[in-house]
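**Q** Contents of my_file_4.csv (CSV, C-alpha atoms and all ligand atoms) are below:
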chain,number,residue,atom,x,y,z
A,3,MET,CA,22.5,27.9,45.4
A,4,THR,CA,18.7,27.4,45.1
A,5,ASN,CA,18.3,30.6,47.2
A,6,LYS,CA,20.5,32.6,44.9
A,7,ILE,CA,18.5,31.5,41.9
A,8,PHE,CA,15.3,32.3,43.7
A,9,LYS,CA,16.5,35.7,44.7
A,10,GLY,CA,17.5,36.4,41.1
A,11,LYS,CA,14.1,35.4,39.8
A,12,LYS,CA,12.4,37.4,42.5
A,13,LEU,CA,14.4,40.5,41.7
A,14,LYS,CA,13.5,40.2,38.0
A,15,LYS,CA,9.9,39.7,38.9
A,16,ALA,CA,9.9,42.6,41.2
A,17,SER,CA,11.3,44.9,38.6
A,18,ILE,CA,8.8,43.8,36.0
A,19,VAL,CA,6.0,44.5,38.5
A,20,LEU,CA,7.4,47.9,39.2
A,21,LEU,CA,7.8,48.7,35.6
A,22,THR,CA,4.3,47.5,34.9
A,23,LEU,CA,2.9,49.6,37.7
A,24,GLY,CA,4.9,52.6,36.5
A,25,ILE,CA,3.5,52.4,33.0
A,26,PHE,CA,0.0,51.8,34.4
A,27,VAL,CA,0.2,54.9,36.5
A,28,PHE,CA,1.7,56.9,33.7
A,29,ILE,CA,-0.9,56.1,31.0
A,30,ALA,CA,-4.0,55.7,33.2
A,31,CYS,CA,-4.1,58.7,35.5
A,32,LYS,CA,-7.9,58.6,35.3
A,33,SER,CA,-8.2,55.0,36.3
A,34,THR,CA,-11.6,53.6,37.1
A,35,LYS,CA,-12.5,52.6,40.7
A,36,GLU,CA,-12.3,49.0,39.7
A,37,LYS,CA,-8.8,49.3,38.4
A,38,GLU,CA,-7.8,51.3,41.5
A,39,THR,CA,-8.9,48.3,43.7
A,40,ASP,CA,-6.9,45.9,41.5
A,41,ARG,CA,-3.8,48.1,41.8
A,42,THR,CA,-4.0,48.4,45.5
A,43,HIS,CA,-4.6,44.7,45.8
A,44,GLN,CA,-1.4,43.9,43.9
A,45,GLY,CA,1.5,43.3,46.2
A,46,VAL,CA,-0.7,43.0,49.2
A,47,THR,CA,0.8,40.5,51.5
A,48,THR,CA,-1.1,38.2,53.9
A,49,VAL,CA,0.6,36.7,56.9
A,50,ILE,CA,-0.7,33.6,58.8
A,51,THR,CA,0.7,33.8,62.3
A,52,ASN,CA,0.6,31.7,65.4
A,53,VAL,CA,0.9,28.4,63.7
A,54,ARG,CA,3.1,25.3,63.9
A,55,ILE,CA,4.5,24.7,60.4
A,56,PHE,CA,5.1,21.5,58.6
A,57,ASP,CA,6.8,22.8,55.4
A,58,GLY,CA,6.6,19.6,53.4
A,59,TYR,CA,9.9,18.3,54.6
A,60,GLY,CA,9.6,18.5,58.3
A,61,MET,CA,8.6,20.8,61.2
A,62,SER,CA,10.2,24.1,60.2
A,63,GLY,CA,10.2,25.7,63.7
A,64,LEU,CA,8.7,28.8,62.1
A,65,THR,CA,5.4,30.3,63.4
A,66,ALA,CA,4.3,32.4,60.4
A,67,VAL,CA,4.0,32.1,56.7
A,68,VAL,CA,3.6,35.1,54.3
A,69,ILE,CA,1.6,34.8,51.0
A,70,GLU,CA,2.3,37.3,48.2
A,71,ASP,CA,0.7,37.1,44.7
A,72,GLY,CA,-0.5,33.6,45.3
A,73,LEU,CA,3.0,32.3,46.3
A,74,ILE,CA,4.8,31.7,49.5
A,75,SER,CA,6.9,34.8,50.1
A,76,GLU,CA,10.3,35.0,51.9
A,77,LYS,CA,9.0,38.1,53.7
A,78,THR,CA,8.3,37.8,57.4
A,79,THR,CA,5.5,40.3,57.7
A,80,GLY,CA,2.3,41.1,55.8
A,81,ALA,CA,-0.4,43.7,55.6
A,82,ILE,CA,-3.3,41.3,56.3
A,83,VAL,CA,-2.9,39.2,59.4
A,84,ILE,CA,-4.7,35.9,59.9
A,85,ASP,CA,-4.3,34.4,63.4
A,86,GLY,CA,-3.8,30.6,63.1
A,87,LYS,CA,-4.7,30.2,66.8
A,88,GLY,CA,-1.9,27.7,67.4
A,89,GLY,CA,-3.0,25.4,64.6
A,90,PHE,CA,-1.0,23.2,62.3
A,91,LEU,CA,-0.2,24.7,58.9
A,92,MET,CA,1.0,22.4,56.1
A,93,PRO,CA,1.1,22.4,52.2
A,94,GLY,CA,-2.0,21.4,50.4
A,95,LEU,CA,-2.1,17.6,50.0
A,96,ILE,CA,-1.1,15.9,46.7
A,97,ASP,CA,-3.0,12.9,45.6
A,98,ALA,CA,-0.4,11.1,43.5
A,99,HIS,CA,-3.1,8.9,41.7
A,100,ALA,CA,-6.7,9.7,41.2
A,101,HIS,CA,-9.3,9.9,38.5
A,102,PRO,CA,-11.3,13.1,38.8
A,103,GLY,CA,-14.0,13.2,36.1
A,104,THR,CA,-16.2,16.1,37.1
A,105,VAL,CA,-15.9,19.5,38.8
A,106,LYS,CA,-17.8,17.9,41.8
A,107,ASP,CA,-14.9,15.5,42.2
A,108,LEU,CA,-12.5,18.5,42.4
A,109,GLU,CA,-14.8,20.2,45.0
A,110,LEU,CA,-14.8,17.1,47.2
A,111,SER,CA,-11.0,17.0,46.9
A,112,ALA,CA,-10.7,20.7,47.6
A,113,GLU,CA,-12.9,20.5,50.8
A,114,ARG,CA,-10.5,17.9,52.2
A,115,GLY,CA,-7.4,20.0,51.5
A,116,VAL,CA,-6.2,18.2,48.3
A,117,SER,CA,-4.7,20.9,46.2
A,118,SER,CA,-3.1,18.8,43.5
A,119,THR,CA,-4.2,15.6,42.0
A,120,PHE,CA,-2.2,13.5,39.5
A,121,ALA,CA,-4.6,12.1,37.0
A,122,LEU,CA,-4.5,10.3,33.7
A,123,SER,CA,-6.2,11.7,30.6
A,124,ALA,CA,-8.4,13.9,32.7
A,125,PRO,CA,-11.2,15.7,30.7
A,126,ASN,CA,-9.9,19.0,29.4
A,127,GLU,CA,-13.0,20.9,30.6
A,128,ILE,CA,-12.2,20.3,34.2
A,129,LYS,CA,-8.6,21.2,34.1
A,130,ASN,CA,-7.4,24.7,35.2
A,131,GLN,CA,-10.5,25.5,37.4
A,132,PRO,CA,-9.5,28.7,39.2
A,133,GLY,CA,-9.6,28.3,43.0
A,134,LEU,CA,-10.0,24.5,42.8
A,135,THR,CA,-7.8,21.4,43.1
A,136,ARG,CA,-5.2,21.5,40.3
A,137,ILE,CA,-5.0,18.5,37.9
A,138,TRP,CA,-1.6,17.3,36.7
A,139,SER,CA,-2.3,14.8,34.0
A,140,SER,CA,-1.1,12.6,31.2
A,141,HIS,CA,-2.8,13.4,27.9
A,142,ALA,CA,-3.6,9.7,27.0
A,143,TYR,CA,-2.1,6.5,28.2
A,144,ALA,CA,-0.3,3.6,26.6
A,145,LEU,CA,-1.8,0.1,26.6
A,146,GLY,CA,-1.0,-2.7,24.1
A,147,ASN,CA,-2.3,-0.3,21.5
A,148,VAL,CA,0.9,1.6,21.1
A,149,GLU,CA,3.4,0.5,18.5
A,150,ASP,CA,5.5,3.6,17.9
A,151,ALA,CA,6.9,4.6,21.3
A,152,GLN,CA,8.5,7.8,19.9
A,153,ALA,CA,5.3,9.0,18.2
A,154,PHE,CA,3.3,8.3,21.4
A,155,VAL,CA,5.5,10.3,23.6
A,156,ALA,CA,5.8,13.1,21.0
A,157,ASN,CA,2.0,13.3,21.0
A,158,GLU,CA,1.8,13.4,24.8
A,159,ALA,CA,4.4,16.2,24.8
A,160,ALA,CA,2.6,18.1,22.1
A,161,ASN,CA,-0.7,17.9,24.0
A,162,GLY,CA,0.7,19.3,27.2
A,163,ALA,CA,1.0,16.1,29.2
A,164,ASP,CA,2.6,16.6,32.6
A,165,TYR,CA,3.9,13.0,32.6
A,166,VAL,CA,3.5,9.8,30.6
A,167,LYS,CA,1.2,7.0,31.7
A,168,VAL,CA,1.6,3.4,30.8
A,169,ILE,CA,-0.7,0.5,31.7
A,170,ILE,CA,1.2,-2.8,32.0
A,171,GLU,CA,-1.1,-5.8,32.3
A,172,ASP,CA,0.1,-9.3,33.1
A,173,PRO,CA,1.8,-10.5,29.9
A,174,ALA,CA,0.8,-14.1,30.7
A,175,ARG,CA,-2.9,-13.2,31.1
A,176,MET,CA,-3.3,-10.5,28.5
A,177,ALA,CA,-0.5,-11.4,26.1
A,178,PRO,CA,-1.9,-9.9,22.9
A,179,ARG,CA,-3.2,-6.7,24.5
A,180,THR,CA,-0.5,-5.8,26.9
A,181,ILE,CA,2.3,-3.4,26.1
A,182,SER,CA,5.5,-5.1,24.8
A,183,ARG,CA,8.8,-4.8,26.6
A,184,GLU,CA,10.3,-3.1,23.5
A,185,VAL,CA,7.6,-0.5,23.3
A,186,LEU,CA,7.8,0.1,27.0
A,187,GLU,CA,11.5,0.7,26.9
A,188,GLY,CA,11.1,2.9,23.9
A,189,ILE,CA,8.5,5.0,25.8
A,190,VAL,CA,10.8,5.4,28.8
A,191,ALA,CA,13.7,6.5,26.5
A,192,ALA,CA,11.6,8.9,24.5
A,193,ALA,CA,10.0,10.4,27.7
A,194,ARG,CA,13.5,10.9,29.2
A,195,ARG,CA,14.5,12.9,26.1
A,196,SER,CA,11.3,15.0,26.5
A,197,GLY,CA,11.9,15.6,30.2
A,198,LEU,CA,8.7,13.7,31.1
A,199,ARG,CA,8.5,11.1,33.9
A,200,VAL,CA,6.9,7.8,33.3
A,201,ALA,CA,4.3,6.3,35.6
A,202,ALA,CA,3.2,2.7,35.1
A,203,HIS,CA,0.2,0.9,36.3
A,204,ALA,CA,1.2,-2.6,37.5
A,205,VAL,CA,-0.6,-4.8,40.0
A,206,THR,CA,1.2,-8.2,39.7
A,207,VAL,CA,4.7,-9.4,40.4
A,208,PRO,CA,5.5,-10.0,36.7
A,209,THR,CA,4.3,-6.6,35.7
A,210,PHE,CA,6.3,-5.0,38.5
A,211,ARG,CA,9.4,-6.8,37.3
A,212,MET,CA,8.7,-5.6,33.7
A,213,ALA,CA,8.2,-2.0,34.9
A,214,VAL,CA,11.4,-2.0,37.0
A,215,GLN,CA,13.5,-3.6,34.2
A,216,ALA,CA,12.2,-1.0,31.7
A,217,GLY,CA,13.2,1.8,34.1
A,218,VAL,CA,9.9,3.5,34.6
A,219,ASP,CA,10.1,6.3,37.2
A,220,ILE,CA,6.9,5.5,39.2
A,221,ILE,CA,4.9,2.4,39.7
A,222,ILE,CA,1.2,2.7,40.6
A,223,HIS,CA,-0.5,0.1,42.8
A,224,VAL,CA,1.1,-2.9,44.6
A,225,PRO,CA,0.5,-6.6,44.2
A,226,LEU,CA,-2.1,-8.3,46.3
A,227,GLU,CA,-1.4,-11.8,45.2
A,228,ALA,CA,2.2,-12.0,46.6
A,229,VAL,CA,5.1,-10.1,47.9
A,230,VAL,CA,7.5,-8.6,45.4
A,231,PRO,CA,10.8,-10.5,45.4
A,232,GLN,CA,13.6,-8.8,47.4
A,233,SER,CA,15.8,-8.6,44.2
A,234,ILE,CA,13.1,-6.4,42.5
A,235,VAL,CA,12.8,-4.2,45.6
A,236,ASP,CA,16.6,-3.8,45.7
A,237,ASN,CA,16.6,-2.8,42.0
A,238,MET,CA,13.9,-0.2,42.7
A,239,ALA,CA,15.9,1.3,45.5
A,240,ARG,CA,19.1,1.4,43.3
A,241,GLN,CA,17.2,3.0,40.4
A,242,GLY,CA,15.2,5.3,42.5
A,243,THR,CA,11.9,3.8,41.3
A,244,ALA,CA,9.0,5.2,43.4
A,245,VAL,CA,5.7,3.5,44.2
A,246,VAL,CA,2.2,4.8,44.7
A,247,PRO,CA,0.7,1.7,46.5
A,248,THR,CA,-2.9,3.0,46.5
A,249,LEU,CA,-3.5,0.8,49.6
A,250,VAL,CA,-7.0,2.2,50.0
A,251,MET,CA,-7.9,0.7,46.5
A,252,MET,CA,-6.0,-2.5,47.2
A,253,GLU,CA,-7.9,-2.9,50.5
A,254,ALA,CA,-11.2,-2.3,48.7
A,255,PHE,CA,-10.3,-4.9,46.0
A,256,ALA,CA,-9.2,-7.5,48.7
A,257,ASN,CA,-12.6,-7.0,50.4
A,258,SER,CA,-14.7,-7.4,47.3
A,259,PRO,CA,-15.0,-11.1,46.4
A,260,VAL,CA,-16.2,-10.3,42.9
A,261,HIS,CA,-12.7,-9.4,42.0
A,262,GLY,CA,-11.4,-12.8,43.0
A,263,TYR,CA,-9.3,-11.7,46.0
A,264,ARG,CA,-9.7,-12.7,49.7
A,265,SER,CA,-9.6,-10.1,52.5
A,266,GLU,CA,-6.4,-11.7,53.8
A,267,ASP,CA,-4.6,-10.8,50.5
A,268,TYR,CA,-4.4,-7.3,51.8
A,269,LYS,CA,-1.6,-8.4,54.0
A,270,ASN,CA,0.6,-8.9,50.9
A,271,ALA,CA,-0.1,-5.3,49.9
A,272,GLU,CA,1.0,-4.0,53.3
A,273,ASP,CA,4.0,-6.3,53.4
A,274,ASN,CA,5.0,-4.9,50.0
A,275,VAL,CA,4.9,-1.4,51.4
A,276,ARG,CA,6.9,-2.5,54.4
A,277,MET,CA,9.6,-3.9,52.1
A,278,PHE,CA,9.7,-0.7,50.1
A,279,LEU,CA,10.1,1.4,53.2
A,280,ALA,CA,12.8,-0.9,54.6
A,281,ALA,CA,14.8,-0.6,51.3
A,282,GLY,CA,14.4,3.1,51.0
A,283,VAL,CA,12.1,3.0,48.0
A,284,PRO,CA,10.1,6.3,47.8
A,285,VAL,CA,6.5,5.6,48.7
A,286,LEU,CA,3.8,8.2,47.6
A,287,ALA,CA,0.3,8.7,48.8
A,288,GLY,CA,-2.4,8.1,46.2
A,289,SER,CA,-6.0,7.2,46.6
A,290,ASP,CA,-7.0,5.9,43.1
A,291,SER,CA,-10.3,7.8,43.8
A,292,SER,CA,-12.8,7.3,41.0
A,293,THR,CA,-16.3,6.7,40.1
A,294,THR,CA,-15.3,4.3,37.4
A,295,PRO,CA,-17.8,1.4,37.1
A,296,TYR,CA,-16.6,-2.2,37.9
A,297,VAL,CA,-13.9,-1.0,40.3
A,298,PRO,CA,-14.5,-0.3,44.0
A,299,LYS,CA,-15.6,3.3,44.6
A,300,ILE,CA,-13.0,5.4,46.5
A,301,HIS,CA,-14.2,8.9,47.4
A,302,HIS,CA,-12.3,11.9,46.2
A,303,GLY,CA,-10.7,13.8,49.1
A,304,THR,CA,-11.5,11.4,52.0
A,305,GLY,CA,-9.8,8.5,50.0
A,306,LEU,CA,-6.5,10.2,50.3
A,307,HIS,CA,-6.9,10.7,54.1
A,308,ARG,CA,-7.7,7.0,54.4
A,309,GLU,CA,-4.6,6.3,52.4
A,310,LEU,CA,-2.5,8.3,54.9
A,311,ARG,CA,-3.8,6.2,57.7
A,312,LEU,CA,-3.1,2.9,55.9
A,313,LEU,CA,0.4,4.1,55.1
A,314,VAL,CA,1.0,4.7,58.8
A,315,HIS,CA,-0.5,1.3,59.6
A,316,ALA,CA,2.0,-0.2,57.1
A,317,GLY,CA,4.9,1.3,59.0
A,318,MET,CA,5.3,5.0,58.0
A,319,THR,CA,5.5,7.6,60.8
A,320,PRO,CA,2.8,10.2,60.6
A,321,LEU,CA,5.4,12.8,59.5
A,322,GLU,CA,6.6,10.4,56.7
A,323,ALA,CA,3.0,10.0,55.6
A,324,LEU,CA,2.6,13.8,55.4
A,325,LYS,CA,5.8,14.0,53.3
A,326,ALA,CA,4.4,11.2,51.1
A,327,ALA,CA,1.5,13.5,50.2
A,328,THR,CA,3.5,16.8,49.8
A,329,SER,CA,7.2,17.2,49.0
A,330,VAL,CA,7.9,13.6,47.9
A,331,PRO,CA,5.3,13.4,45.1
A,332,ALA,CA,6.2,16.9,43.9
A,333,GLU,CA,9.9,16.0,43.6
A,334,ILE,CA,9.4,12.5,42.2
A,335,PHE,CA,7.0,13.8,39.4
A,336,GLY,CA,9.1,17.0,39.0
A,337,PHE,CA,6.2,19.4,39.8
A,338,THR,CA,8.3,21.5,42.2
A,339,SER,CA,6.0,24.6,42.1
A,340,VAL,CA,3.8,22.7,44.7
A,341,GLY,CA,4.3,20.4,47.7
A,342,ALA,CA,6.2,22.6,50.1
A,343,LEU,CA,5.9,25.8,52.0
A,344,ARG,CA,9.1,27.3,50.6
A,345,PRO,CA,9.5,30.8,49.1
A,346,GLY,CA,8.3,30.8,45.4
A,347,ARG,CA,6.1,27.8,45.7
A,348,ARG,CA,2.3,28.0,45.2
A,349,ALA,CA,0.5,29.1,48.4
A,350,ASP,CA,-1.6,25.9,48.7
A,351,LEU,CA,-2.1,25.6,52.4
A,352,ILE,CA,-4.2,23.7,55.0
A,353,LEU,CA,-4.7,24.9,58.5
A,354,ILE,CA,-5.5,21.9,60.8
A,355,ASP,CA,-6.6,21.8,64.4
A,356,GLY,CA,-4.4,19.2,66.1
A,357,HIS,CA,-1.1,17.4,65.6
A,358,PRO,CA,-1.2,15.3,62.4
A,359,ASP,CA,2.6,15.0,62.6
A,360,LYS,CA,2.0,12.8,65.7
A,361,ASP,CA,-1.5,11.5,65.1
A,362,ILE,CA,-2.5,10.9,61.5
A,363,GLU,CA,-6.2,10.8,62.4
A,364,ASP,CA,-5.9,14.6,62.9
A,365,THR,CA,-5.6,15.3,59.1
A,366,LEU,CA,-9.3,15.6,58.7
A,367,ASN,CA,-9.7,18.4,61.4
A,368,ILE,CA,-9.4,21.0,58.7
A,369,LYS,CA,-10.1,24.6,59.6
A,370,LYS,CA,-9.1,26.5,56.5
A,371,VAL,CA,-7.8,25.7,53.0
A,372,TRP,CA,-6.0,28.1,50.6
A,373,PHE,CA,-5.3,27.4,46.9
A,374,GLY,CA,-2.8,29.8,45.3
A,375,GLY,CA,-3.2,32.1,48.3
A,376,LYS,CA,-7.0,32.3,48.0
A,377,GLU,CA,-9.1,30.8,50.8
A,378,TYR,CA,-11.4,28.1,49.6
A,379,ASN,CA,-14.9,28.0,51.1
B,401,ZN,ZN,-6.1,4.3,38.8
Any chance you could give the structure as structure tokens?
**A**
Amino acid sequence: MTNKIFKGKKLKKASIVLLTLGIFVFIACKSTKEKETDRTHQGVTTVITNVRIFDGYGMSGLTAVVIEDGLISEKTTGAIVIDGKGGFLMPGLIDAHAHPGTVKDLELSAERGVSSTFALSAPNEIKNQPGLTRIWSSHAYALGNVEDAQAFVANEAANGADYVKVIIEDPARMAPRTISREVLEGIVAAARRSGLRVAAHAVTVPTFRMAVQAGVDIIIHVPLEAVVPQSIVDNMARQGTAVVPTLVMMEAFANSPVHGYRSEDYKNAEDNVRMFLAAGVPVLAGSDSSTTPYVPKIHHGTGLHRELRLLVHAGMTPLEALKAATSVPAEIFGFTSVGALRPGRRADLILIDGHPDKDIEDTLNIKKVWFGGKEYN
């Protein structure tokens, strides 16, 4: 069924392209050299051959991928041939939680193959940077400041938010400032009506419980102070609530005494991930990279690779970790134009020397990166 839809769209697109080209040739017989180049470039296909392909879901068994107009094509041959020399080709990585604040942050991400980053209230001036890591972001975020859930979500939607972000702090500790249960439920309901997913920051067991009971789609972080009770984990599995544990940040917190944790607390974070995996709760890779003062500094780009290693240490297979940074976050957040090497998706690609599907350490052996079909260098 998906294929049929795809073909229909493709045909429509192809006829539009043909029509546009026809009109162009008709009215611009004396085209300039520049335009001539543009025209010949249009529709030029690039094929990357001689590769082992992880398509976001698994090893596809294919040995070539064709890029056309910045997207993965269903064609099998291309005019420009790039020899992948037996390398490992996979979709660009998705960082399901990060805080890019500058173009430099995006460049660091791009160099490490991170093609999408899910941020919150990212500065407008760094969004939509051509040829760089793409930012998917909420417009603002809800703390205890929100009283009218409907108005908050309407404002997010009007400002082009890709999803809704809520910060739930421990009601016992931050009672007057934290978001109320009623407002949280109102936000979830309003977001659902607007077709937006809700991601909630929660770092303690009580806030996890509140997030799950309110029915948020994604929980960001994982408690360090204790393991989440099995009943909450079971509810998450039943509801399909996903988690972005940001182990790399939890590890950094556990190892920085100023935040009141002990290094052995990290075991709770890992045990939580083990419980989620055992229960079938979707676990997404996110680094929480930021340069925010007062929280441990996690580097953009390399932070996500560290997260992949920690997820494997917590019980994922390397292949599951790769899925947790590609197809799984794309589907959970509903951003299905990225995250997989399937026809019609954005041609965000990483060529790696090695076997990251077997040894996660290999993810940093990056040879080439493409964003929207354009090589990044
Ligand atoms: Zn964060």
**Q** Tell me which of A:Arg308, A:His302, A:Lys87, A:His223 sits closest to Ala323 of chain A, counting only C-alpha atoms.
**A**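 Nearest candidate to Ala323 of chain A out of A:Arg308, A:His302, A:Lys87, A:His223: A:Arg308.
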**Q** Write out as a PyMOL selection string each polymer residue (protein, DNA or RNA) that has an atom no more than 9 Å from ligand ZN 401 (chain B), with all atoms listed in the file counted.
**A** chain A and resi 99-101+121-122+203+222-223+248+251+289-292
**Q** Have a look at A:Ala160, A:Ala271, A:Val49, A:Ile362 and name the one nearest to Ala228 of chain A; count all atoms listed in the file.
**A** A:Ala271
**Q** So which one's closest to Lys269 of chain A, A:Ala281, A:Ile181, A:Ile128, A:Ala316? Using all atoms listed in the file, please.
**A**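 Using all atoms listed in the file, the shortest distance to Lys269 of chain A belongs to A:Ala316.
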**Q** May I have a table of the residues of segment 351-378 of chain A lying at most 10 Å from segment 72-77 of chain A, giving each one's closest pair of atoms and their distance in Å to one decimal, counting all atoms listed in the file, ordered by chain and ascending residue number, as CSV?
**A**
residue,atom,partner,partner_atom,distance
A:Leu351,CA,A:Ile74,CA,9.7
A:Trp372,CA,A:Gly72,CA,9.4
A:Phe373,CA,A:Gly72,CA,8.0
A:Gly374,CA,A:Gly72,CA,4.4
A:Gly375,CA,A:Gly72,CA,4.3
A:Lys376,CA,A:Gly72,CA,7.2
**Q** Return the single residue from A:Glu253, A:Glu363, A:Asp236, A:Asp219 that is closest to Val297 of chain A, with distances computed using only C-alpha atoms.
**A**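 So, comparing all the options, the nearest one is A:Glu253.
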**Q** When you count only C-alpha atoms, which of these residues is closest to Glu149 of chain A: A:Leu186, A:Val168, A:Ala244, A:Ile334?
**A**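 Comparing A:Leu186, A:Val168, A:Ala244, A:Ile334 against Glu149 of chain A, the winner is A:Leu186.
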**Q** Go through A:Leu353, A:Leu134, A:Leu306, A:Val229 and flag the residue nearest Ile84 of chain A, using all atoms listed in the file for the distances.
**A**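 Ranking A:Leu353, A:Leu134, A:Leu306, A:Val229 by distance to Ile84 of chain A, first place goes to A:Leu353.
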**Q** List the neighbours of Met61 of chain A out to 10 Å using all atoms listed in the file; skip same-chain residues closer than 2 positions along the sequence, and give me the result as a ChimeraX atom specification.
**A** /A:54-59,63-64,90-92,321,359
**Q** Can you tell me, as a PyMOL selection string, which residues sit within 7 Å of (11.2, 2.5, 32.5) in the file's frame, using all atoms listed in the file?
**A** chain A and resi 186-187+190+200+213-219
**Q** Report the distance between atom CA of Leu313 of chain A and atom CA of Phe278 of chain A in Å, rounded to one decimal place.
**A**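 Atom CA of Leu313 of chain A sits 11.6 Å away from atom CA of Phe278 of chain A.
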**Q** Can you work out the spacing between atom CA of Gly133 of chain A and atom CA of Asp350 of chain A in Å, to one decimal?
**A** 10.1 Å
**Q** Atom CA of Ala326 of chain A and atom CA of Ile69 of chain A, how far apart in Å?
**A**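 Result for atom CA of Ile69 of chain A versus atom CA of Ala326 of chain A: 23.8 Å, one decimal.
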**Q** As number ranges by chain, please: the residues near Arg136 of chain A (cut-off 9 Å, all atoms listed in the file, same-chain neighbours under 5 positions excluded).
**A** A: 108, 116-120, 129-131, 373
